[in-house]
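As stored in work.tsv (TSV, N, CA and C atoms):
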```tsv
chain	number	residue	atom	x	y	z
A	1	MET	N	-110.15	150.77	-83.59
A	1	MET	CA	-111.19	149.74	-83.57
A	1	MET	C	-110.60	148.42	-83.08
A	2	SER	N	-111.23	147.79	-82.09
A	2	SER	CA	-110.69	146.54	-81.55
A	2	SER	C	-111.13	145.37	-82.40
A	3	GLU	N	-110.25	144.36	-82.44
A	3	GLU	CA	-110.56	143.18	-83.23
A	3	GLU	C	-111.60	142.32	-82.51
A	4	LYS	N	-112.39	141.62	-83.28
A	4	LYS	CA	-113.44	140.77	-82.73
A	4	LYS	C	-112.87	139.36	-82.57
A	5	VAL	N	-112.75	138.90	-81.33
A	5	VAL	CA	-112.23	137.56	-81.05
A	5	VAL	C	-113.20	136.84	-80.13
A	6	SER	N	-113.07	135.51	-80.10
A	6	SER	CA	-113.97	134.72	-79.26
A	6	SER	C	-113.46	134.68	-77.82
A	7	ILE	N	-114.33	134.24	-76.95
A	7	ILE	CA	-113.97	134.11	-75.54
A	7	ILE	C	-112.82	133.11	-75.39
A	8	ASN	N	-112.88	132.01	-76.15
A	8	ASN	CA	-111.82	131.00	-76.05
A	8	ASN	C	-110.46	131.55	-76.47
A	9	VAL	N	-110.43	132.37	-77.51
A	9	VAL	CA	-109.18	132.99	-77.96
A	9	VAL	C	-108.65	133.92	-76.87
A	10	LEU	N	-109.54	134.69	-76.27
A	10	LEU	CA	-109.13	135.58	-75.19
A	10	LEU	C	-108.56	134.79	-74.01
A	11	LYS	N	-109.22	133.68	-73.66
A	11	LYS	CA	-108.74	132.86	-72.55
A	11	LYS	C	-107.35	132.28	-72.85
A	12	MET	N	-107.12	131.90	-74.09
A	12	MET	CA	-105.79	131.40	-74.49
A	12	MET	C	-104.74	132.50	-74.35
A	13	ARG	N	-105.11	133.72	-74.75
A	13	ARG	CA	-104.18	134.85	-74.64
A	13	ARG	C	-103.88	135.17	-73.18
A	14	VAL	N	-104.88	135.07	-72.32
A	14	VAL	CA	-104.67	135.31	-70.89
A	14	VAL	C	-103.69	134.27	-70.34
A	15	ARG	N	-103.90	132.99	-70.69
A	15	ARG	CA	-102.99	131.94	-70.21
A	15	ARG	C	-101.56	132.19	-70.70
A	16	ALA	N	-101.40	132.66	-71.93
A	16	ALA	CA	-100.07	132.96	-72.46
A	16	ALA	C	-99.40	134.09	-71.67
A	17	LYS	N	-100.19	135.12	-71.34
A	17	LYS	CA	-99.65	136.25	-70.55
A	17	LYS	C	-99.27	135.79	-69.15
A	18	ILE	N	-100.05	134.90	-68.57
A	18	ILE	CA	-99.74	134.38	-67.24
A	18	ILE	C	-98.43	133.59	-67.28
A	19	LYS	N	-98.21	132.85	-68.37
A	19	LYS	CA	-96.95	132.13	-68.52
A	19	LYS	C	-95.78	133.10	-68.58
A	20	GLU	N	-95.98	134.26	-69.23
A	20	GLU	CA	-94.93	135.28	-69.29
A	20	GLU	C	-94.55	135.72	-67.87
A	21	LEU	N	-95.53	135.81	-66.99
A	21	LEU	CA	-95.25	136.20	-65.61
A	21	LEU	C	-94.38	135.16	-64.90
A	22	GLY	N	-94.51	133.90	-65.33
A	22	GLY	CA	-93.70	132.83	-64.75
A	22	GLY	C	-92.22	132.99	-65.04
A	23	ASN	N	-91.88	133.77	-66.05
A	23	ASN	CA	-90.48	134.01	-66.42
A	23	ASN	C	-89.94	135.27	-65.77
A	24	ALA	N	-90.63	135.78	-64.76
A	24	ALA	CA	-90.23	137.04	-64.13
A	24	ALA	C	-88.88	136.90	-63.43
A	25	LYS	N	-88.15	137.98	-63.48
A	25	LYS	CA	-86.85	138.08	-62.80
A	25	LYS	C	-87.06	138.92	-61.55
A	26	PRO	N	-86.01	139.11	-60.75
A	26	PRO	CA	-86.18	139.97	-59.56
A	26	PRO	C	-86.71	141.34	-59.95
A	27	PHE	N	-87.57	141.91	-59.11
A	27	PHE	CA	-88.16	143.21	-59.42
A	27	PHE	C	-88.39	144.01	-58.16
A	28	ILE	N	-88.54	145.31	-58.35
A	28	ILE	CA	-88.83	146.21	-57.24
A	28	ILE	C	-89.64	147.38	-57.77
A	29	SER	N	-90.59	147.87	-56.99
A	29	SER	CA	-91.39	149.00	-57.43
A	29	SER	C	-90.67	150.30	-57.08
A	30	GLY	N	-90.95	151.32	-57.84
A	30	GLY	CA	-90.38	152.63	-57.58
A	30	GLY	C	-89.81	153.25	-58.84
A	31	SER	N	-89.25	154.42	-58.68
A	31	SER	CA	-88.62	155.13	-59.79
A	31	SER	C	-87.12	155.17	-59.55
A	32	PHE	N	-86.36	154.78	-60.57
A	32	PHE	CA	-84.91	154.79	-60.47
A	32	PHE	C	-84.40	156.14	-60.97
A	33	ILE	N	-83.55	156.76	-60.17
A	33	ILE	CA	-83.06	158.10	-60.51
A	33	ILE	C	-81.54	158.10	-60.49
A	34	ARG	N	-80.95	158.54	-61.61
A	34	ARG	CA	-79.50	158.74	-61.68
A	34	ARG	C	-79.26	160.24	-61.66
A	35	THR	N	-78.37	160.67	-60.77
A	35	THR	CA	-78.07	162.09	-60.67
A	35	THR	C	-76.62	162.24	-60.21
A	36	SER	N	-76.23	163.43	-59.89
A	36	SER	CA	-74.90	163.66	-59.32
A	36	SER	C	-75.04	164.64	-58.17
A	37	ARG	N	-74.10	164.56	-57.22
A	37	ARG	CA	-74.20	165.42	-56.05
A	37	ARG	C	-72.81	165.67	-55.46
A	38	LYS	N	-72.76	166.66	-54.59
A	38	LYS	CA	-71.53	166.95	-53.86
A	38	LYS	C	-71.42	165.96	-52.70
A	39	CYS	N	-70.20	165.60	-52.38
A	39	CYS	CA	-70.00	164.60	-51.34
A	39	CYS	C	-69.96	165.19	-49.93
A	40	GLY	N	-69.71	166.46	-49.80
A	40	GLY	CA	-69.67	167.09	-48.48
A	40	GLY	C	-68.25	167.26	-47.95
A	41	ASN	N	-67.27	166.69	-48.61
A	41	ASN	CA	-65.87	166.86	-48.20
A	41	ASN	C	-65.38	168.21	-48.72
A	42	PRO	N	-65.00	169.13	-47.84
A	42	PRO	CA	-64.58	170.46	-48.30
A	42	PRO	C	-63.29	170.44	-49.12
A	43	ASN	N	-62.51	169.38	-49.03
A	43	ASN	CA	-61.26	169.29	-49.79
A	43	ASN	C	-61.45	168.63	-51.16
A	44	CYS	N	-62.64	168.11	-51.44
A	44	CYS	CA	-62.90	167.44	-52.72
A	44	CYS	C	-63.11	168.48	-53.81
A	45	GLN	N	-62.76	168.10	-55.04
A	45	GLN	CA	-62.93	169.04	-56.15
A	45	GLN	C	-64.39	169.38	-56.42
A	46	CYS	N	-65.33	168.49	-56.01
A	46	CYS	CA	-66.76	168.80	-56.21
A	46	CYS	C	-67.18	170.00	-55.38
A	47	ALA	N	-66.52	170.24	-54.24
A	47	ALA	CA	-66.85	171.38	-53.39
A	47	ALA	C	-66.36	172.70	-53.98
A	48	ASN	N	-65.40	172.60	-54.89
A	48	ASN	CA	-64.80	173.80	-55.48
A	48	ASN	C	-65.20	173.99	-56.94
A	49	GLY	N	-66.39	173.54	-57.30
A	49	GLY	CA	-66.89	173.74	-58.66
A	49	GLY	C	-66.49	172.65	-59.64
A	50	GLY	N	-65.80	171.62	-59.18
A	50	GLY	CA	-65.41	170.50	-60.06
A	50	GLY	C	-66.58	169.57	-60.31
A	51	PRO	N	-66.33	168.46	-61.00
A	51	PRO	CA	-67.42	167.52	-61.30
A	51	PRO	C	-67.98	166.89	-60.02
A	52	LYS	N	-69.28	166.71	-60.02
A	52	LYS	CA	-69.95	166.08	-58.88
A	52	LYS	C	-69.85	164.56	-59.01
A	53	HIS	N	-70.18	163.89	-57.94
A	53	HIS	CA	-70.11	162.42	-57.90
A	53	HIS	C	-71.43	161.81	-58.37
A	54	PRO	N	-71.35	160.70	-59.13
A	54	PRO	CA	-72.60	160.04	-59.53
A	54	PRO	C	-73.33	159.50	-58.31
A	55	CYS	N	-74.64	159.56	-58.38
A	55	CYS	CA	-75.48	159.13	-57.27
A	55	CYS	C	-76.76	158.52	-57.84
A	56	CYS	N	-77.23	157.47	-57.22
A	56	CYS	CA	-78.47	156.82	-57.66
A	56	CYS	C	-79.42	156.67	-56.47
A	57	MET	N	-80.70	156.80	-56.77
A	57	MET	CA	-81.75	156.70	-55.75
A	57	MET	C	-82.91	155.87	-56.29
A	58	LEU	N	-83.61	155.24	-55.38
A	58	LEU	CA	-84.87	154.57	-55.70
A	58	LEU	C	-85.93	155.30	-54.92
A	59	SER	N	-86.88	155.88	-55.63
A	59	SER	CA	-87.95	156.65	-55.01
A	59	SER	C	-89.25	155.87	-55.10
A	60	SER	N	-89.98	155.81	-53.98
A	60	SER	CA	-91.28	155.12	-53.99
A	60	SER	C	-92.18	155.74	-52.93
A	61	LYS	N	-93.45	155.40	-52.99
A	61	LYS	CA	-94.43	155.91	-52.03
A	61	LYS	C	-94.71	154.83	-50.99
A	62	VAL	N	-94.69	155.24	-49.73
A	62	VAL	CA	-95.05	154.36	-48.63
A	62	VAL	C	-96.06	155.10	-47.77
A	63	LYS	N	-97.27	154.57	-47.70
A	63	LYS	CA	-98.37	155.21	-46.95
A	63	LYS	C	-98.54	156.67	-47.35
A	64	GLY	N	-98.45	156.92	-48.66
A	64	GLY	CA	-98.69	158.26	-49.19
A	64	GLY	C	-97.51	159.21	-49.11
A	65	LYS	N	-96.41	158.76	-48.54
A	65	LYS	CA	-95.24	159.62	-48.43
A	65	LYS	C	-94.12	159.09	-49.32
A	66	THR	N	-93.37	160.02	-49.93
A	66	THR	CA	-92.27	159.64	-50.79
A	66	THR	C	-91.07	159.20	-49.95
A	67	LYS	N	-90.53	158.05	-50.32
A	67	LYS	CA	-89.39	157.48	-49.62
A	67	LYS	C	-88.27	157.31	-50.64
A	68	GLY	N	-87.06	157.70	-50.27
A	68	GLY	CA	-85.92	157.53	-51.15
A	68	GLY	C	-84.89	156.62	-50.53
A	69	ILE	N	-84.36	155.72	-51.34
A	69	ILE	CA	-83.32	154.80	-50.88
A	69	ILE	C	-82.07	155.06	-51.71
A	70	TYR	N	-80.95	155.28	-51.05
A	70	TYR	CA	-79.68	155.45	-51.75
A	70	TYR	C	-79.27	154.11	-52.35
A	71	ILE	N	-78.86	154.13	-53.60
A	71	ILE	CA	-78.41	152.93	-54.30
A	71	ILE	C	-76.91	153.08	-54.57
A	72	PRO	N	-76.07	152.19	-54.05
A	72	PRO	CA	-74.65	152.27	-54.37
A	72	PRO	C	-74.43	152.14	-55.88
A	73	VAL	N	-73.51	152.91	-56.40
A	73	VAL	CA	-73.24	152.92	-57.84
A	73	VAL	C	-72.87	151.53	-58.33
A	74	ALA	N	-72.24	150.73	-57.47
A	74	ALA	CA	-71.81	149.38	-57.87
A	74	ALA	C	-72.98	148.48	-58.26
A	75	ILE	N	-74.16	148.70	-57.69
A	75	ILE	CA	-75.32	147.85	-58.03
A	75	ILE	C	-76.42	148.64	-58.75
A	76	ALA	N	-76.11	149.83	-59.20
A	76	ALA	CA	-77.12	150.69	-59.83
A	76	ALA	C	-77.75	150.03	-61.06
A	77	ASP	N	-76.93	149.44	-61.94
A	77	ASP	CA	-77.48	148.83	-63.16
A	77	ASP	C	-78.42	147.68	-62.82
A	78	GLU	N	-78.06	146.90	-61.80
A	78	GLU	CA	-78.90	145.77	-61.39
A	78	GLU	C	-80.24	146.26	-60.85
A	79	VAL	N	-80.20	147.26	-59.98
A	79	VAL	CA	-81.44	147.79	-59.40
A	79	VAL	C	-82.30	148.43	-60.49
A	80	GLU	N	-81.67	149.10	-61.44
A	80	GLU	CA	-82.42	149.69	-62.55
A	80	GLU	C	-83.13	148.61	-63.35
A	81	SER	N	-82.48	147.46	-63.54
A	81	SER	CA	-83.14	146.35	-64.26
A	81	SER	C	-84.31	145.80	-63.45
A	82	TRP	N	-84.21	145.82	-62.12
A	82	TRP	CA	-85.34	145.38	-61.28
A	82	TRP	C	-86.54	146.29	-61.48
A	83	VAL	N	-86.30	147.59	-61.55
A	83	VAL	CA	-87.38	148.56	-61.74
A	83	VAL	C	-88.04	148.34	-63.11
A	84	LYS	N	-87.21	148.11	-64.13
A	84	LYS	CA	-87.75	147.85	-65.48
A	84	LYS	C	-88.57	146.57	-65.50
A	85	GLU	N	-88.12	145.54	-64.77
A	85	GLU	CA	-88.87	144.28	-64.72
A	85	GLU	C	-90.22	144.50	-64.03
A	86	HIS	N	-90.26	145.31	-62.99
A	86	HIS	CA	-91.52	145.62	-62.32
A	86	HIS	C	-92.48	146.32	-63.28
A	87	GLN	N	-91.96	147.24	-64.08
A	87	GLN	CA	-92.80	147.94	-65.07
A	87	GLN	C	-93.33	146.96	-66.11
A	88	ARG	N	-92.49	146.00	-66.53
A	88	ARG	CA	-92.92	144.99	-67.50
A	88	ARG	C	-94.04	144.13	-66.92
A	89	ILE	N	-93.89	143.73	-65.67
A	89	ILE	CA	-94.90	142.90	-65.01
A	89	ILE	C	-96.21	143.68	-64.87
A	90	LYS	N	-96.13	144.95	-64.48
A	90	LYS	CA	-97.35	145.77	-64.37
A	90	LYS	C	-98.07	145.87	-65.71
A	91	LYS	N	-97.31	146.01	-66.79
A	91	LYS	CA	-97.90	146.10	-68.12
A	91	LYS	C	-98.63	144.81	-68.47
A	92	ILE	N	-98.01	143.67	-68.18
A	92	ILE	CA	-98.64	142.37	-68.46
A	92	ILE	C	-99.92	142.22	-67.64
A	93	LEU	N	-99.86	142.59	-66.36
A	93	LEU	CA	-101.06	142.49	-65.51
A	93	LEU	C	-102.19	143.37	-66.03
A	94	LYS	N	-101.84	144.54	-66.52
A	94	LYS	CA	-102.86	145.44	-67.08
A	94	LYS	C	-103.49	144.82	-68.33
A	95	GLU	N	-102.66	144.18	-69.17
A	95	GLU	CA	-103.19	143.51	-70.37
A	95	GLU	C	-104.12	142.37	-69.98
A	96	ILE	N	-103.73	141.59	-68.96
A	96	ILE	CA	-104.57	140.48	-68.49
A	96	ILE	C	-105.90	141.03	-67.96
A	97	ASP	N	-105.84	142.10	-67.18
A	97	ASP	CA	-107.07	142.73	-66.69
A	97	ASP	C	-108.00	143.11	-67.84
A	98	GLY	N	-107.44	143.73	-68.86
A	98	GLY	CA	-108.23	144.16	-70.01
A	98	GLY	C	-108.90	142.99	-70.72
A	99	MET	N	-108.13	141.91	-70.93
A	99	MET	CA	-108.69	140.74	-71.61
A	99	MET	C	-109.77	140.07	-70.76
A	100	ASN	N	-109.53	139.97	-69.45
A	100	ASN	CA	-110.54	139.36	-68.58
A	100	ASN	C	-111.82	140.21	-68.52
A	101	GLU	N	-111.66	141.51	-68.54
A	101	GLU	CA	-112.84	142.39	-68.58
A	101	GLU	C	-113.61	142.16	-69.88
A	102	GLN	N	-112.87	142.00	-70.98
A	102	GLN	CA	-113.51	141.73	-72.27
A	102	GLN	C	-114.28	140.40	-72.21
A	103	ILE	N	-113.68	139.39	-71.59
A	103	ILE	CA	-114.35	138.08	-71.46
A	103	ILE	C	-115.66	138.24	-70.68
A	104	ILE	N	-115.62	138.98	-69.59
A	104	ILE	CA	-116.83	139.19	-68.78
A	104	ILE	C	-117.91	139.88	-69.60
A	105	ARG	N	-117.53	140.94	-70.31
A	105	ARG	CA	-118.51	141.67	-71.12
A	105	ARG	C	-119.09	140.79	-72.23
A	106	MET	N	-118.24	140.00	-72.87
A	106	MET	CA	-118.71	139.10	-73.93
A	106	MET	C	-119.64	138.04	-73.36
A	107	TYR	N	-119.33	137.52	-72.17
A	107	TYR	CA	-120.16	136.51	-71.54
A	107	TYR	C	-121.54	137.07	-71.22
A	108	VAL	N	-121.57	138.28	-70.69
A	108	VAL	CA	-122.85	138.92	-70.36
A	108	VAL	C	-123.68	139.11	-71.63
A	109	THR	N	-123.05	139.62	-72.68
A	109	THR	CA	-123.74	139.83	-73.96
A	109	THR	C	-124.26	138.52	-74.52
A	110	THR	N	-123.44	137.47	-74.48
A	110	THR	CA	-123.83	136.15	-75.00
A	110	THR	C	-124.96	135.58	-74.17
A	111	SER	N	-124.88	135.69	-72.86
A	111	SER	CA	-125.93	135.16	-71.98
A	111	SER	C	-127.26	135.84	-72.26
A	112	ARG	N	-127.23	137.15	-72.44
A	112	ARG	CA	-128.48	137.87	-72.72
A	112	ARG	C	-129.07	137.42	-74.05
A	113	ALA	N	-128.22	137.23	-75.05
A	113	ALA	CA	-128.71	136.80	-76.37
A	113	ALA	C	-129.32	135.40	-76.27
A	114	VAL	N	-128.65	134.50	-75.54
A	114	VAL	CA	-129.16	133.14	-75.39
A	114	VAL	C	-130.51	133.16	-74.67
A	115	ASN	N	-130.59	133.92	-73.60
A	115	ASN	CA	-131.85	133.99	-72.84
A	115	ASN	C	-132.97	134.60	-73.67
A	116	LYS	N	-132.64	135.60	-74.49
A	116	LYS	CA	-133.63	136.23	-75.36
A	116	LYS	C	-134.16	135.23	-76.37
A	117	ASN	N	-133.24	134.47	-76.97
A	117	ASN	CA	-133.64	133.44	-77.96
A	117	ASN	C	-134.43	132.33	-77.31
A	118	ARG	N	-134.04	131.94	-76.11
A	118	ARG	CA	-134.73	130.88	-75.38
A	118	ARG	C	-136.17	131.32	-75.10
A	119	LYS	N	-136.34	132.58	-74.73
A	119	LYS	CA	-137.67	133.11	-74.44
A	119	LYS	C	-138.53	133.12	-75.70
A	120	LYS	N	-137.92	133.50	-76.86
A	120	LYS	CA	-138.67	133.50	-78.12
A	120	LYS	C	-139.15	132.11	-78.46
A	121	VAL	N	-138.29	131.10	-78.25
A	121	VAL	CA	-138.64	129.71	-78.57
A	121	VAL	C	-139.77	129.24	-77.66
A	122	MET	N	-139.70	129.61	-76.38
A	122	MET	CA	-140.72	129.19	-75.43
A	122	MET	C	-142.07	129.85	-75.70
A	123	ASP	N	-142.06	131.07	-76.24
A	123	ASP	CA	-143.29	131.80	-76.51
A	123	ASP	C	-144.02	131.26	-77.73
A	124	ARG	N	-143.40	130.48	-78.52
A	124	ARG	CA	-144.06	129.96	-79.74
A	124	ARG	C	-145.10	128.96	-79.46
```

Exercise: express the given structure as structure tokens:
Amino acid sequence: MSEKVSINVLKMRVRAKIKELGNAKPFISGSFIRTSRKCGNPNCQCANGGPKHPCCMLSSKVKGKTKGIYIPVAIADEVESWVKEHQRIKKILKEIDGMNEQIIRMYVTTSRAVNKNRKKVMDR
């Protein structure tokens, strides 16, 4: 069950969420993938059943097609934090959308009630 709040309270919450967006750090869309793979060198131990090399990728959709970008291990943690920041921003935007939709619905309901009451007063 959702809590009953006023339009003004919702507007204050929206402004607070927008301020949170102002504190955004670098971000990038996509899925961060950590895996391991063979390097292709026939003399490496990975080619002979030994441990594989760590590998990171950023996967995203471009015009409906999946695109993968190799991420050097040296910057993998940084890129992973960018992906997490993008997810955080998307979550905030979704919350703002929800609150603004609520404001619109409440405004419509309030307007109808006011017009209904105004009509009753005029009919007297």

Query - Residue list (alpha helix (DSSP H), DSSP) for chain A, as a count of residues only - result: 64

Query raised in the report: Where does DSSP see strand (DSSP E or B) in chain A, if you list the residues as a ChimeraX atom specification?
Result: /A:31-37,53-62,65-71

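Near stretch 10-20 of chain A, within a cut-off of 7 Å and counting only N, CA and C atoms, sit the residues Val5, Ile92, Ile96, Met99, Asn100 and Ile103 of chain A, with same-chain residues fewer than 5 positions away left out.
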
Would you put the residues from that selection into a file with N, CA and C atoms, as a compact mmCIF listing (two decimals), in the frame of the given file?
```
# COMPACT_ATOMS: atom_id res chain seq x y z
N VAL A 5 -112.75 138.90 -81.33
CA VAL A 5 -112.23 137.56 -81.05
C VAL A 5 -113.20 136.84 -80.13
N ILE A 92 -98.01 143.67 -68.18
CA ILE A 92 -98.64 142.37 -68.46
C ILE A 92 -99.92 142.22 -67.64
N ILE A 96 -103.73 141.59 -68.96
CA ILE A 96 -104.57 140.48 -68.49
C ILE A 96 -105.90 141.03 -67.96
N MET A 99 -108.13 141.91 -70.93
CA MET A 99 -108.69 140.74 -71.61
C MET A 99 -109.77 140.07 -70.76
N ASN A 100 -109.53 139.97 -69.45
CA ASN A 100 -110.54 139.36 -68.58
C ASN A 100 -111.82 140.21 -68.52
N ILE A 103 -113.68 139.39 -71.59
CA ILE A 103 -114.35 138.08 -71.46
C ILE A 103 -115.66 138.24 -70.68
```

**Report entry** Selected residue, from A:Thr110, A:Lys91, A:Arg37, A:Glu85, that lies nearest to A:Asn23 when counting only C-alpha atoms
**Finding:**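 So, comparing all the options, the nearest one is A:Glu85.
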
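Separating atom CA of A:Lys65 from atom CA of A:Ser31 is a distance of 13.9 Å.
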
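In this model, the gap between atom CA of A:Asn43 and atom C of A:Cys55 comes to 20.5 Å.
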
Query raised in the report: Which residues, written as a ChimeraX atom specification, have at least one atom at most 7 Å from A:Cys56, with only N, CA and C atoms counted and residues fewer than 4 positions away on the same chain left out?
Result: /A:32-36,69-73,76

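Counting from atom CA of A:Lys25, the distance to atom CA of A:Lys84 is 10.2 Å.
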
Find the axis-aligned box for stretch 48-61 of chain A, covering all its listed atoms and adding 3 Å on each side, and write its centre and edge lengths in Å to one decimal as JSON.
```
{"center_x": -79.8, "center_y": 164.3, "center_z": -56.1, "size_x": 35.9, "size_y": 25.4, "size_z": 16.3}
```
